[in-house]
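Structure data follow from model.txt (compact mmCIF, C-alpha atoms):
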# COMPACT_ATOMS: atom_id res chain seq x y z
CA MET N 23 52.97 68.28 105.48
CA SER N 24 55.02 67.29 102.48
CA PRO N 25 58.78 67.23 103.22
CA LEU N 26 59.16 69.52 100.21
CA ALA N 27 56.71 72.12 101.52
CA ALA N 28 58.12 75.51 102.38
CA GLN N 29 59.24 75.79 105.98
CA PRO N 30 59.28 79.10 107.86
CA ALA N 31 62.70 80.71 107.92
CA ARG N 32 64.50 80.44 111.25
CA ARG N 33 65.97 83.41 113.04
CA VAL N 34 69.73 83.78 112.63
CA ALA N 35 71.67 84.81 115.72
CA VAL N 36 74.94 86.74 115.77
CA LEU N 37 76.90 85.25 118.69
CA GLY N 38 80.26 87.00 118.49
CA GLY N 39 83.11 88.20 116.38
CA ALA N 40 86.89 88.42 116.34
CA ARG N 41 89.35 90.36 114.25
CA VAL N 42 92.98 91.37 114.22
CA PRO N 43 93.76 95.07 114.62
CA PHE N 44 93.77 96.70 111.21
CA ALA N 45 97.13 98.02 109.99
CA ARG N 46 98.16 100.53 107.36
CA SER N 47 99.57 98.88 104.25
CA ASP N 48 103.32 98.26 104.14
CA GLY N 49 103.43 98.43 107.93
CA PRO N 50 103.36 95.73 110.64
CA TYR N 51 101.54 93.24 108.40
CA ALA N 52 103.64 93.87 105.29
CA THR N 53 104.68 90.19 105.14
CA ALA N 54 101.41 88.71 106.43
CA SER N 55 99.27 86.87 103.90
CA ASN N 56 95.50 86.87 103.69
CA GLN N 57 95.52 83.33 105.02
CA GLU N 58 97.73 84.17 108.00
CA MET N 59 95.56 87.12 109.06
CA LEU N 60 92.29 85.28 108.48
CA THR N 61 93.57 82.26 110.44
CA ALA N 62 94.49 84.51 113.38
CA ALA N 63 90.99 86.01 113.42
CA LEU N 64 89.35 82.59 113.08
CA ASP N 65 91.48 81.01 115.80
CA ALA N 66 90.55 83.84 118.19
CA LEU N 67 86.86 83.18 117.51
CA VAL N 68 87.30 79.42 117.96
CA GLU N 69 89.09 79.88 121.28
CA ARG N 70 86.64 82.42 122.70
CA HIS N 71 83.59 80.34 121.83
CA GLY N 72 84.97 76.83 122.37
CA LEU N 73 84.54 75.67 118.78
CA GLN N 74 87.38 73.15 118.69
CA GLU N 75 85.35 69.93 118.85
CA PRO N 76 84.42 68.02 115.69
CA GLY N 77 81.35 69.37 113.92
CA ALA N 78 81.10 72.49 116.08
CA VAL N 79 80.73 74.74 113.03
CA GLY N 80 78.69 73.82 109.97
CA GLU N 81 80.77 75.77 107.49
CA PHE N 82 83.17 78.68 107.02
CA VAL N 83 82.48 81.37 104.42
CA ALA N 84 85.05 84.07 103.67
CA GLY N 85 86.82 85.92 100.92
CA ALA N 86 89.39 88.47 99.85
CA VAL N 87 89.46 91.07 97.11
CA LEU N 88 93.21 91.13 96.43
CA LYS N 89 94.10 87.46 96.02
CA HIS N 90 97.14 85.59 94.81
CA SER N 91 96.58 82.50 92.69
CA ARG N 92 97.58 80.52 95.77
CA ASP N 93 94.48 81.92 97.51
CA PHE N 94 92.06 80.24 95.10
CA ASN N 95 90.74 78.17 98.03
CA LEU N 96 91.41 80.72 100.78
CA ALA N 97 88.56 79.83 103.14
CA ARG N 98 89.24 76.11 103.06
CA GLU N 99 93.01 76.53 103.48
CA THR N 100 92.34 78.83 106.43
CA VAL N 101 90.24 76.13 108.08
CA LEU N 102 92.98 73.55 107.54
CA GLY N 103 95.52 75.83 109.21
CA SER N 104 93.28 76.78 112.12
CA ALA N 105 92.02 75.23 115.36
CA LEU N 106 88.66 74.55 113.71
CA ASP N 107 87.77 70.95 112.89
CA PRO N 108 89.53 70.19 109.56
CA ARG N 109 86.34 68.47 108.39
CA THR N 110 84.55 71.84 108.33
CA PRO N 111 83.47 72.71 104.77
CA ALA N 112 84.50 76.13 103.50
CA TYR N 113 84.14 78.26 100.41
CA ASP N 114 85.16 81.66 99.09
CA ILE N 115 82.91 84.58 98.17
CA GLN N 116 83.77 88.00 96.74
CA GLN N 117 81.84 91.21 96.12
CA ALA N 118 84.51 93.89 96.49
CA CYS N 119 84.04 95.91 99.70
CA GLY N 120 80.75 94.10 100.35
CA THR N 121 82.50 90.72 100.62
CA GLY N 122 82.44 90.44 104.41
CA LEU N 123 78.75 91.29 104.66
CA GLN N 124 77.85 89.04 101.75
CA ALA N 125 79.71 86.20 103.48
CA VAL N 126 77.55 86.80 106.55
CA ILE N 127 74.41 86.80 104.40
CA ALA N 128 75.41 83.59 102.60
CA ALA N 129 76.00 81.80 105.90
CA ALA N 130 72.81 83.22 107.41
CA ASN N 131 70.69 81.99 104.52
CA LYS N 132 71.74 78.38 105.10
CA ILE N 133 71.02 78.69 108.81
CA ALA N 134 67.64 80.28 108.14
CA LEU N 135 66.72 77.46 105.75
CA GLY N 136 67.76 74.77 108.23
CA GLN N 137 70.65 73.56 106.05
CA THR N 138 73.17 74.12 108.84
CA GLU N 139 73.03 75.07 112.52
CA SER N 140 76.10 77.27 112.76
CA ALA N 141 78.64 79.01 110.56
CA VAL N 142 81.53 81.43 110.65
CA ALA N 143 81.74 84.21 108.07
CA GLY N 144 84.44 86.77 107.40
CA GLY N 145 87.07 88.16 105.15
CA ALA N 146 90.65 89.37 104.86
CA ASP N 147 92.64 91.67 102.65
CA THR N 148 96.20 92.85 102.39
CA ALA N 149 97.15 95.85 100.32
CA SER N 150 100.78 95.18 101.29
CA ASP N 151 100.98 91.72 99.73
CA ALA N 152 99.03 92.57 96.58
CA PRO N 153 99.58 90.12 93.72
CA LEU N 154 101.84 91.26 90.87
CA GLY N 155 100.86 89.93 87.48
CA VAL N 156 103.06 89.22 84.52
CA ASN N 157 103.00 92.01 81.94
CA ASP N 158 100.29 90.99 79.45
CA ARG N 159 102.64 91.28 76.46
CA LEU N 160 105.13 89.00 78.19
CA ARG N 161 102.35 86.60 79.16
CA ARG N 162 101.29 86.22 75.53
CA ILE N 163 104.87 85.52 74.45
CA LEU N 164 105.35 82.91 77.19
CA LEU N 165 102.11 81.18 76.23
CA GLU N 166 103.17 81.15 72.58
CA ALA N 167 106.50 79.61 73.61
CA ARG N 168 104.70 76.97 75.68
CA ARG N 169 102.52 76.03 72.71
CA ALA N 170 105.47 75.85 70.32
CA LYS N 171 106.03 72.39 68.83
CA THR N 172 109.80 72.69 68.32
CA ALA N 173 112.75 74.14 70.19
CA GLY N 174 113.37 76.54 67.32
CA ALA N 175 109.84 77.90 67.43
CA ARG N 176 110.11 78.24 71.19
CA LEU N 177 113.36 80.21 70.95
CA LYS N 178 111.89 82.40 68.20
CA ALA N 179 109.01 83.38 70.48
CA LEU N 180 111.25 84.03 73.49
CA ALA N 181 113.60 86.15 71.37
CA ARG N 182 110.84 88.75 71.08
CA ILE N 183 111.03 89.57 74.82
CA ARG N 184 112.13 93.15 75.43
CA PRO N 185 112.99 95.00 78.67
CA GLY N 186 109.60 96.72 78.64
CA HIS N 187 107.90 93.34 78.81
CA LEU N 188 109.47 92.71 82.24
CA VAL N 189 107.53 95.52 83.94
CA PRO N 190 105.01 93.78 86.27
CA ASP N 191 101.28 94.34 86.08
CA ILE N 192 100.48 96.02 89.41
CA PRO N 193 96.84 96.07 90.66
CA ARG N 194 95.28 99.50 90.18
CA ASN N 195 92.70 101.15 92.38
CA ALA N 196 90.63 102.07 89.35
CA GLU N 197 87.34 100.99 87.84
CA PRO N 198 87.90 99.10 84.58
CA ARG N 199 84.86 100.77 82.99
CA THR N 200 85.98 104.31 83.65
CA GLY N 201 89.68 104.24 84.51
CA LEU N 202 88.93 106.45 87.52
CA SER N 203 89.98 105.55 91.06
CA MET N 204 87.38 105.17 93.76
CA GLY N 205 88.55 108.47 95.24
CA GLU N 206 88.08 110.30 91.94
CA HIS N 207 84.59 108.82 91.60
CA ALA N 208 83.80 109.92 95.16
CA ALA N 209 85.00 113.43 94.35
CA VAL N 210 82.50 113.67 91.48
CA THR N 211 79.72 112.57 93.82
CA ALA N 212 80.82 115.01 96.51
CA ARG N 213 80.53 117.89 94.05
CA ALA N 214 77.14 116.70 92.83
CA TRP N 215 75.72 116.61 96.35
CA GLY N 216 77.46 119.79 97.53
CA ILE N 217 79.38 118.04 100.29
CA THR N 218 81.64 120.54 102.07
CA ARG N 219 85.19 120.08 103.27
CA GLU N 220 84.19 121.17 106.79
CA ASP N 221 81.48 118.50 107.07
CA GLN N 222 83.84 115.81 105.81
CA ASP N 223 86.55 116.74 108.30
CA ALA N 224 84.04 116.86 111.14
CA LEU N 225 82.83 113.34 110.34
CA ALA N 226 86.40 112.03 110.08
CA ALA N 227 87.46 113.61 113.37
CA ALA N 228 84.40 112.15 115.10
CA SER N 229 85.24 108.68 113.76
CA HIS N 230 88.72 108.78 115.31
CA GLN N 231 87.52 110.26 118.60
CA ARG N 232 84.73 107.71 118.97
CA LEU N 233 86.99 104.76 118.15
CA ALA N 234 89.55 105.97 120.67
CA ALA N 235 86.88 106.33 123.36
CA ALA N 236 85.57 102.83 122.61
CA TYR N 237 89.03 101.32 123.05
CA GLU N 238 89.53 103.23 126.30
CA ARG N 239 86.31 101.85 127.83
CA GLY N 240 87.19 98.29 126.80
CA PHE N 241 84.50 97.90 124.16
CA PHE N 242 86.78 95.91 121.85
CA GLN N 243 88.12 93.55 124.51
CA ASP N 244 86.15 90.60 123.12
CA LEU N 245 86.34 91.68 119.48
CA VAL N 246 90.00 92.47 118.75
CA VAL N 247 92.89 90.04 119.27
CA PRO N 248 96.53 91.28 119.24
CA PHE N 249 98.49 90.36 116.15
CA ARG N 250 102.10 91.04 115.10
CA GLY N 251 102.68 93.59 117.83
CA LEU N 252 99.43 95.54 117.36
CA ALA N 253 96.68 95.68 119.97
CA ARG N 254 94.71 98.54 118.41
CA ASP N 255 93.98 99.69 114.89
CA GLN N 256 97.12 101.38 113.61
CA ASN N 257 95.26 104.07 111.68
CA LEU N 258 93.60 105.39 114.84
CA ARG N 259 94.51 109.01 115.62
CA PRO N 260 92.94 109.83 119.03
CA GLY N 261 93.98 113.46 118.77
CA SER N 262 92.24 114.08 115.45
CA THR N 263 90.39 117.38 115.28
CA VAL N 264 88.68 119.36 112.57
CA GLU N 265 91.44 121.95 112.86
CA LYS N 266 94.21 119.39 112.29
CA LEU N 267 92.40 117.79 109.38
CA ALA N 268 91.79 121.19 107.81
CA ALA N 269 95.55 121.60 107.33
CA LEU N 270 95.79 118.62 104.93
CA ARG N 271 95.94 119.14 101.20
CA PRO N 272 93.26 117.67 98.90
CA VAL N 273 94.28 114.52 97.05
CA PHE N 274 91.16 113.74 94.97
CA GLY N 275 89.12 115.87 92.61
CA LEU N 276 92.05 118.13 91.75
CA ASP N 277 90.72 118.60 88.21
CA ALA N 278 87.92 120.83 89.51
CA PRO N 279 87.85 124.03 91.58
CA ASP N 280 87.90 123.81 95.38
CA PRO N 281 88.62 120.08 95.90
CA THR N 282 87.55 118.82 99.33
CA MET N 283 88.82 115.25 99.71
CA THR N 284 92.05 114.66 101.62
CA ALA N 285 93.96 111.71 103.04
CA GLY N 286 92.40 112.61 106.39
CA ASN N 287 88.78 112.29 105.29
CA SER N 288 89.45 109.25 103.08
CA THR N 289 90.17 105.68 104.12
CA PRO N 290 93.80 104.51 103.75
CA LEU N 291 94.93 101.24 102.17
CA THR N 292 94.77 98.69 104.97
CA ASP N 293 95.63 95.10 105.94
CA GLY N 294 93.47 92.98 108.24
CA ALA N 295 90.91 90.22 108.78
CA ALA N 296 87.63 89.73 110.66
CA THR N 297 85.22 86.88 111.46
CA VAL N 298 81.67 86.50 112.83
CA LEU N 299 79.94 83.52 114.48
CA LEU N 300 76.34 82.89 113.38
CA ALA N 301 73.92 80.19 114.51
CA SER N 302 70.33 79.10 114.92
CA GLU N 303 68.58 79.86 118.19
CA GLU N 304 68.51 76.14 118.95
CA TRP N 305 72.28 75.82 118.53
CA ALA N 306 72.90 78.83 120.74
CA ARG N 307 70.48 77.58 123.41
CA ALA N 308 72.07 74.12 123.46
CA ARG N 309 75.48 75.68 124.11
CA GLY N 310 74.18 78.19 126.66
CA VAL N 311 75.12 81.21 124.54
CA GLU N 312 72.98 84.33 124.55
CA PRO N 313 72.74 85.90 121.09
CA LEU N 314 74.06 89.42 120.77
CA ALA N 315 71.51 90.21 118.05
CA TYR N 316 69.62 88.68 115.15
CA LEU N 317 70.15 89.27 111.44
CA THR N 318 66.62 89.99 110.21
CA ALA N 319 66.88 91.55 106.73
CA TYR N 320 69.34 92.32 103.99
CA GLU N 321 69.33 93.89 100.55
CA THR N 322 71.78 94.51 97.72
CA ALA N 323 71.68 97.04 94.88
CA ALA N 324 73.78 98.34 92.01
CA VAL N 325 73.95 101.59 90.03
CA ASP N 326 74.99 102.41 86.48
CA PHE N 327 78.08 104.40 87.42
CA ALA N 328 79.49 104.18 83.90
CA GLY N 329 76.50 105.46 81.92
CA GLY N 330 73.88 106.66 84.40
CA ASP N 331 73.31 109.99 86.11
CA VAL N 332 76.79 110.28 87.55
CA ALA N 333 77.19 114.06 87.31
CA GLY N 334 73.84 114.50 89.05
CA GLY N 335 74.94 112.25 91.89
CA GLU N 336 72.22 109.63 91.49
CA ASP N 337 74.46 106.93 90.03
CA GLY N 338 77.77 107.70 91.70
CA LEU N 339 80.08 104.71 92.10
CA LEU N 340 79.41 104.41 95.85
CA MET N 341 75.72 105.36 95.89
CA ALA N 342 74.05 101.94 95.60
CA PRO N 343 73.08 101.91 99.33
CA ALA N 344 70.91 104.96 98.55
CA TYR N 345 68.67 102.51 96.67
CA ALA N 346 69.19 99.33 98.71
CA VAL N 347 68.23 100.80 102.09
CA PRO N 348 64.87 102.35 101.08
CA ARG N 349 63.90 99.05 99.39
CA MET N 350 64.89 97.05 102.45
CA LEU N 351 63.06 99.34 104.85
CA GLU N 352 59.90 99.27 102.73
CA ARG N 353 59.98 95.48 102.67
CA ALA N 354 60.52 95.36 106.44
CA GLY N 355 57.86 97.98 107.14
CA LEU N 356 60.37 100.21 108.93
CA GLY N 357 61.49 103.84 108.81
CA MET N 358 64.82 105.38 109.67
CA GLY N 359 63.37 106.50 113.00
CA ASP N 360 62.98 102.85 114.00
CA PHE N 361 66.75 102.40 114.29
CA ASP N 362 68.70 102.97 117.48
CA LEU N 363 72.04 102.66 115.69
CA VAL N 364 73.22 103.19 112.12
CA GLU N 365 76.53 101.84 110.80
CA ILE N 366 77.69 103.24 107.46
CA HIS N 367 81.00 102.04 106.08
CA GLU N 368 83.23 105.10 105.76
CA ALA N 369 85.08 104.58 102.51
CA PHE N 370 85.19 108.38 102.35
CA ALA N 371 83.56 110.97 104.56
CA SER N 372 82.01 112.51 101.43
CA GLN N 373 80.40 109.19 100.49
CA VAL N 374 78.79 108.85 103.94
CA LEU N 375 77.39 112.38 103.75
CA ALA N 376 76.14 111.91 100.18
CA THR N 377 74.40 108.69 101.20
CA LEU N 378 72.68 110.43 104.13
CA ALA N 379 71.52 113.20 101.79
CA ALA N 380 70.25 110.70 99.22
CA TRP N 381 68.23 108.81 101.83
CA GLU N 382 66.52 112.04 102.82
CA LYS N 383 65.84 112.86 99.17
CA ARG N 384 64.14 109.48 98.87
CA GLY N 385 61.84 110.26 101.76
CA LEU N 386 63.64 108.70 104.71
CA GLU N 387 63.94 110.54 108.00
CA PRO N 388 67.28 112.25 108.72
CA VAL N 389 69.74 110.06 110.61
CA ASP N 390 70.46 111.28 114.13
CA ARG N 391 74.24 111.79 114.05
CA ALA N 392 74.44 110.71 117.70
CA ARG N 393 73.39 107.25 116.50
CA LEU N 394 75.73 107.09 113.51
CA ASN N 395 78.95 105.04 113.78
CA VAL N 396 78.99 105.52 117.53
CA VAL N 397 82.32 103.72 118.06
CA GLY N 398 83.95 105.00 114.90
CA SER N 399 84.20 103.29 111.54
CA SER N 400 86.47 102.81 108.56
CA LEU N 401 88.00 106.30 108.52
CA ALA N 402 89.50 105.47 111.91
CA THR N 403 89.87 101.68 111.80
CA GLY N 404 91.02 101.45 108.21
CA HIS N 405 89.41 99.31 105.53
CA PRO N 406 90.79 95.88 104.54
CA PHE N 407 88.24 95.46 101.76
CA ALA N 408 86.78 92.01 102.45
CA ALA N 409 87.08 92.31 106.25
CA THR N 410 85.00 95.44 106.77
CA GLY N 411 81.54 93.85 106.56
CA ALA N 412 82.37 91.26 109.22
CA ARG N 413 83.88 93.98 111.42
CA ILE N 414 80.71 96.05 111.21
CA VAL N 415 78.36 93.12 111.90
CA ALA N 416 80.27 92.08 115.02
CA THR N 417 80.58 95.69 116.20
CA LEU N 418 76.90 96.51 115.73
CA ALA N 419 75.75 93.27 117.37
CA THR N 420 77.94 94.01 120.39
CA LEU N 421 76.62 97.57 120.60
CA LEU N 422 73.04 96.30 120.57
CA ALA N 423 73.83 93.72 123.25
CA GLU N 424 75.22 96.29 125.68
CA ARG N 425 72.06 98.40 125.49
CA GLU N 426 69.25 97.88 127.97
CA GLY N 427 66.23 96.35 126.27
CA PRO N 428 65.42 95.75 122.61
CA GLY N 429 67.23 97.58 119.85
CA ARG N 430 67.63 97.73 116.11
CA GLY N 431 70.62 98.63 113.92
CA LEU N 432 71.14 99.37 110.23
CA ILE N 433 74.24 98.45 108.20
CA SER N 434 75.16 100.11 104.91
CA VAL N 435 78.24 99.13 102.89
CA CYS N 436 79.16 100.60 99.49
CA ALA N 437 81.37 98.61 97.13
CA ALA N 438 83.41 98.92 93.97
CA GLY N 439 81.57 98.24 90.74
CA GLY N 440 78.72 100.52 91.80
CA GLN N 441 77.29 98.04 94.32
CA GLY N 442 75.88 98.20 97.84
CA VAL N 443 75.12 95.65 100.54
CA THR N 444 72.85 96.49 103.47
CA ALA N 445 71.38 94.65 106.45
CA ILE N 446 69.36 94.97 109.64
CA LEU N 447 70.30 93.58 113.05
CA GLU N 448 67.80 93.40 115.92
CA ARG N 449 67.89 92.51 119.58
CA THR N 450 64.59 91.54 121.17
Mind converting the file's structure to structure tokens?
Amino acid sequence: MSPLAAQPARRVAVLGGARVPFARSDGPYATASNQEMLTAALDALVERHGLQEPGAVGEFVAGAVLKHSRDFNLARETVLGSALDPRTPAYDIQQACGTGLQAVIAAANKIALGQTESAVAGGADTASDAPLGVNDRLRRILLEARRAKTAGARLKALARIRPGHLVPDIPRNAEPRTGLSMGEHAAVTARAWGITREDQDALAAASHQRLAAAYERGFFQDLVVPFRGLARDQNLRPGSTVEKLAALRPVFGLDAPDPTMTAGNSTPLTDGAATVLLASEEWARARGVEPLAYLTAYETAAVDFAGGDVAGGEDGLLMAPAYAVPRMLERAGLGMGDFDLVEIHEAFASQVLATLAAWEKRGLEPVDRARLNVVGSSLATGHPFAATGARIVATLATLLAEREGPGRGLISVCAAGGQGVTAILERT
């Protein structure tokens, strides 16, 4: 066979994961950088899986959504500050809230193609340490002054600076194409799909209760490492109930009658980091590690949230998984009934419920709620944008591994920009 002939893709094993507890913004991690959090998560993974020796990991793939200019090489700098071999190549990737899962996919593709035997993927984000930009009017003046050929011309440019120019440019949680926040977009979708306040609060309460129960039974013992005084996700409210959540005032969709979205059924701004260890079966076998699960399929999609059928719900900002999952399942020859577990990122309870409704509209079987986010998800853990995908992959793989016999799990992550990233994990 020619060395250039296509080789069959290898199976990609998920061997473990590690993350720091997620914290509400401006809380315990207020002074922690993306690099510090990501290094803590990576070091925990290295220690637990004995990855300190030279060449143990083929590469490190990670990213962040809110990045300072100093984070231009975040993944590589994280490696250099960690217990991983400093000769480990690393690169950044970013696709909004899908970053962590796309990092996993990027690493998995190289393993599947035989280009590397092992890799670590992940992500970090801090809403507390968000970068502040120079006011654009001030930036233009400073650039003009820098280009000036004489001291007089430089002083003339700087003399135009006014107090209003000193106001910093703070990152906004809004889509550039529409000017609407993610929450406001989700409120439009919730109305389009007729998502009720009661159903949203019920899903949010279940997320907290399930996460609390998982911590109590020790499920996260090998997944979460203490960091800066936290041992559990700070956003977790074990006593959450539908009745308590019903007392909260709506915060999104206030421009329309009967708004339904509150701080309780929406994900808060969060700080945190997560990592996942991936490898070929041969690498795992040589090290005597039993895979938790295998990554067998993935799909991405995007919707026209700026000019499509937004009011009708079809092209809502967070509805891309409604298209990605049916395509992926058709390609894999699977139906929703073939999944033992389903993990949907909970940006908002309304978005989860709208996605479930859209899947049914597209001919998929209804998702058994007993199989949905069985140890809680983002409404309870919080959502450090780039870390969520890695958190979900490690969580789902661990859930599949603790079951008796084979199992299959679905991952669905919505993302800013009208995008969605989805994947399938299997244990044979």
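Look at Gly201 in chain N: the protein and nucleic acid residues within 12 Å of it, using all atoms listed in the file and passing over chain neighbours fewer than 6 places away, are N:Arg194, N:Asn195, N:His207, N:Phe327, N:Ala328, N:Gly439.
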- Task: Identify the residues within 9 Å of coordinate (79.3, 115.6, 87.3) (same frame as the file), considering all atoms listed in the file, and give the answer as number ranges by chain.
- Result: N: 210-211, 213-214, 331-335
How about saving the chosen residues, C-alpha atoms kept, as an mmCIF file, keeping the file's coordinate frame?
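Listing of result32.cif after writing:
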data_model
loop_
_atom_site.group_PDB
_atom_site.id
_atom_site.type_symbol
_atom_site.label_atom_id
_atom_site.label_comp_id
_atom_site.auth_asym_id
_atom_site.auth_seq_id
_atom_site.Cartn_x
_atom_site.Cartn_y
_atom_site.Cartn_z
ATOM 1 C CA VAL N 210 82.500 113.670 91.480
ATOM 2 C CA THR N 211 79.720 112.570 93.820
ATOM 3 C CA ARG N 213 80.530 117.890 94.050
ATOM 4 C CA ALA N 214 77.140 116.700 92.830
ATOM 5 C CA ASP N 331 73.310 109.990 86.110
ATOM 6 C CA VAL N 332 76.790 110.280 87.550
ATOM 7 C CA ALA N 333 77.190 114.060 87.310
ATOM 8 C CA GLY N 334 73.840 114.500 89.050
ATOM 9 C CA GLY N 335 74.940 112.250 91.890
#
- CA of Pro43 in chain N and CA of Leu252 in chain N, how far apart in Å?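 Separation between CA of Leu252 in chain N and CA of Pro43 in chain N: 6.3 Å.
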- Excluding same-chain residues fewer than 3 positions from Gly120 in chain N, what lies within 7 Å of it counting all atoms listed in the file, as a PyMOL selection string? chain N and resi 117+123-124+408+411+435-437+442-443
- Arg98 in chain N surroundings by only C-alpha atoms, 10 Å radius, close-in-sequence under 6 positions cut, as a PyMOL selection string: chain N and resi 57+81-84+104+108-114
Could you dump the residues just selected with C-alpha atoms as a PDB file, keeping the file's coordinate frame?
ATOM      1  CA  GLN N  57      95.520  83.330 105.020  1.00  0.00           C
ATOM      2  CA  GLU N  81      80.770  75.770 107.490  1.00  0.00           C
ATOM      3  CA  PHE N  82      83.170  78.680 107.020  1.00  0.00           C
ATOM      4  CA  VAL N  83      82.480  81.370 104.420  1.00  0.00           C
ATOM      5  CA  ALA N  84      85.050  84.070 103.670  1.00  0.00           C
ATOM      6  CA  SER N 104      93.280  76.780 112.120  1.00  0.00           C
ATOM      7  CA  PRO N 108      89.530  70.190 109.560  1.00  0.00           C
ATOM      8  CA  ARG N 109      86.340  68.470 108.390  1.00  0.00           C
ATOM      9  CA  THR N 110      84.550  71.840 108.330  1.00  0.00           C
ATOM     10  CA  PRO N 111      83.470  72.710 104.770  1.00  0.00           C
ATOM     11  CA  ALA N 112      84.500  76.130 103.500  1.00  0.00           C
ATOM     12  CA  TYR N 113      84.140  78.260 100.410  1.00  0.00           C
ATOM     13  CA  ASP N 114      85.160  81.660  99.090  1.00  0.00           C
TER      14      ASP N 114
END
- Task: Write out as number ranges by chain which residues come within 12 Å of Arg425 in chain N when counting all atoms listed in the file, dropping same-chain ones fewer than 3 positions away.
- Result: N: 314-315, 362-363, 418-422, 428-431, 448-450
Written selection (C-alpha atoms) as a PDB file, keeping the file's coordinate frame:
ATOM      1  CA  LEU N 314      74.060  89.420 120.770  1.00  0.00           C
ATOM      2  CA  ALA N 315      71.510  90.210 118.050  1.00  0.00           C
ATOM      3  CA  ASP N 362      68.700 102.970 117.480  1.00  0.00           C
ATOM      4  CA  LEU N 363      72.040 102.660 115.690  1.00  0.00           C
ATOM      5  CA  LEU N 418      76.900  96.510 115.730  1.00  0.00           C
ATOM      6  CA  ALA N 419      75.750  93.270 117.370  1.00  0.00           C
ATOM      7  CA  THR N 420      77.940  94.010 120.390  1.00  0.00           C
ATOM      8  CA  LEU N 421      76.620  97.570 120.600  1.00  0.00           C
ATOM      9  CA  LEU N 422      73.040  96.300 120.570  1.00  0.00           C
ATOM     10  CA  PRO N 428      65.420  95.750 122.610  1.00  0.00           C
ATOM     11  CA  GLY N 429      67.230  97.580 119.850  1.00  0.00           C
ATOM     12  CA  ARG N 430      67.630  97.730 116.110  1.00  0.00           C
ATOM     13  CA  GLY N 431      70.620  98.630 113.920  1.00  0.00           C
ATOM     14  CA  GLU N 448      67.800  93.400 115.920  1.00  0.00           C
ATOM     15  CA  ARG N 449      67.890  92.510 119.580  1.00  0.00           C
ATOM     16  CA  THR N 450      64.590  91.540 121.170  1.00  0.00           C
TER      17      THR N 450
END
- Message: Residues within 7 Å of Ala66 in chain N, please, as a ChimeraX atom specification. Count all atoms listed in the file; anything in the same chain fewer than 3 positions from it doesn't count.
- Response: /N:40,62-63,69-70,247
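Between CA of Ala376 in chain N and CA of Ala212 in chain N there is a distance of 6.7 Å.
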- Pick out the closest residue to Pro50 in chain N from this set: N:Gly398, N:Gly330, N:Gly251, N:Gly275. Count only C-alpha atoms.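 Closest to Pro50 in chain N of all the choices is N:Gly251.
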Pull the neighbourhood of (91.5, 103.2, 125.4) for me: all residues within 12 Å in file coordinates, counting all atoms listed in the file, as a compact mmCIF listing (two decimals) with C-alpha atoms, in the frame of the given file.
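Below is the file part_6.txt, written as the result:
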# COMPACT_ATOMS: atom_id res chain seq x y z
CA HIS N 230 88.72 108.78 115.31
CA GLN N 231 87.52 110.26 118.60
CA ARG N 232 84.73 107.71 118.97
CA LEU N 233 86.99 104.76 118.15
CA ALA N 234 89.55 105.97 120.67
CA ALA N 235 86.88 106.33 123.36
CA ALA N 236 85.57 102.83 122.61
CA TYR N 237 89.03 101.32 123.05
CA GLU N 238 89.53 103.23 126.30
CA ARG N 239 86.31 101.85 127.83
CA GLY N 240 87.19 98.29 126.80
CA PHE N 241 84.50 97.90 124.16
CA PHE N 242 86.78 95.91 121.85
CA GLN N 243 88.12 93.55 124.51
CA ALA N 253 96.68 95.68 119.97
CA ARG N 254 94.71 98.54 118.41
CA ASP N 255 93.98 99.69 114.89
CA LEU N 258 93.60 105.39 114.84
CA ARG N 259 94.51 109.01 115.62
CA PRO N 260 92.94 109.83 119.03
CA VAL N 397 82.32 103.72 118.06
Distance table requested - range 279-347 of chain N against range 138-148 of chain N, cut-off 9 Å, only C-alpha atoms: one row per qualifying residue with the closest atom pair and its distance in Å to one decimal, ordered by chain and rising residue number, as a tab-separated table.
residue	atom	partner	partner_atom	distance
N:Leu291	CA	N:Thr148	CA	8.5
N:Thr292	CA	N:Thr148	CA	6.5
N:Asp293	CA	N:Thr148	CA	4.2
N:Gly294	CA	N:Ala146	CA	5.7
N:Ala295	CA	N:Ala146	CA	4.0
N:Ala296	CA	N:Gly144	CA	5.4
N:Thr297	CA	N:Gly144	CA	4.1
N:Val298	CA	N:Ala143	CA	5.3
N:Leu299	CA	N:Val142	CA	4.6
N:Leu300	CA	N:Ala141	CA	5.3
N:Ala301	CA	N:Ser140	CA	4.0
N:Ser302	CA	N:Glu139	CA	5.4
N:Glu303	CA	N:Glu139	CA	8.7
N:Glu304	CA	N:Glu139	CA	7.9
N:Trp305	CA	N:Glu139	CA	6.1
N:Ala306	CA	N:Ser140	CA	8.7
- Message: Rounded to one decimal, what separation in Å do you get between CA of Tyr51 in chain N and CA of Ala402 in chain N?
- Response: 17.5 Å
- Message: With distances taken over only C-alpha atoms, which residue among N:Arg46, N:Lys132, N:Arg33, N:Arg219 lies nearest Ala319 in chain N?
- Response: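 Using only C-alpha atoms, the shortest distance to Ala319 in chain N belongs to N:Arg33.
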- Nearest to Glu99 in chain N among N:Leu60, N:Val189, N:Ala181, N:Ile133, with distances taken over all atoms listed in the file: which residue is it?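 Residue with the minimum atom-to-atom distance to Glu99 in chain N: N:Leu60.
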- Task: Select, from N:Ala379, N:Ala354, N:Ala342, N:Arg307, the residue with the minimum atom-to-atom distance to Tyr320 in chain N, counting all atoms listed in the file.
- Result: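 For Tyr320 in chain N, the nearest of the given residues is N:Ala354.
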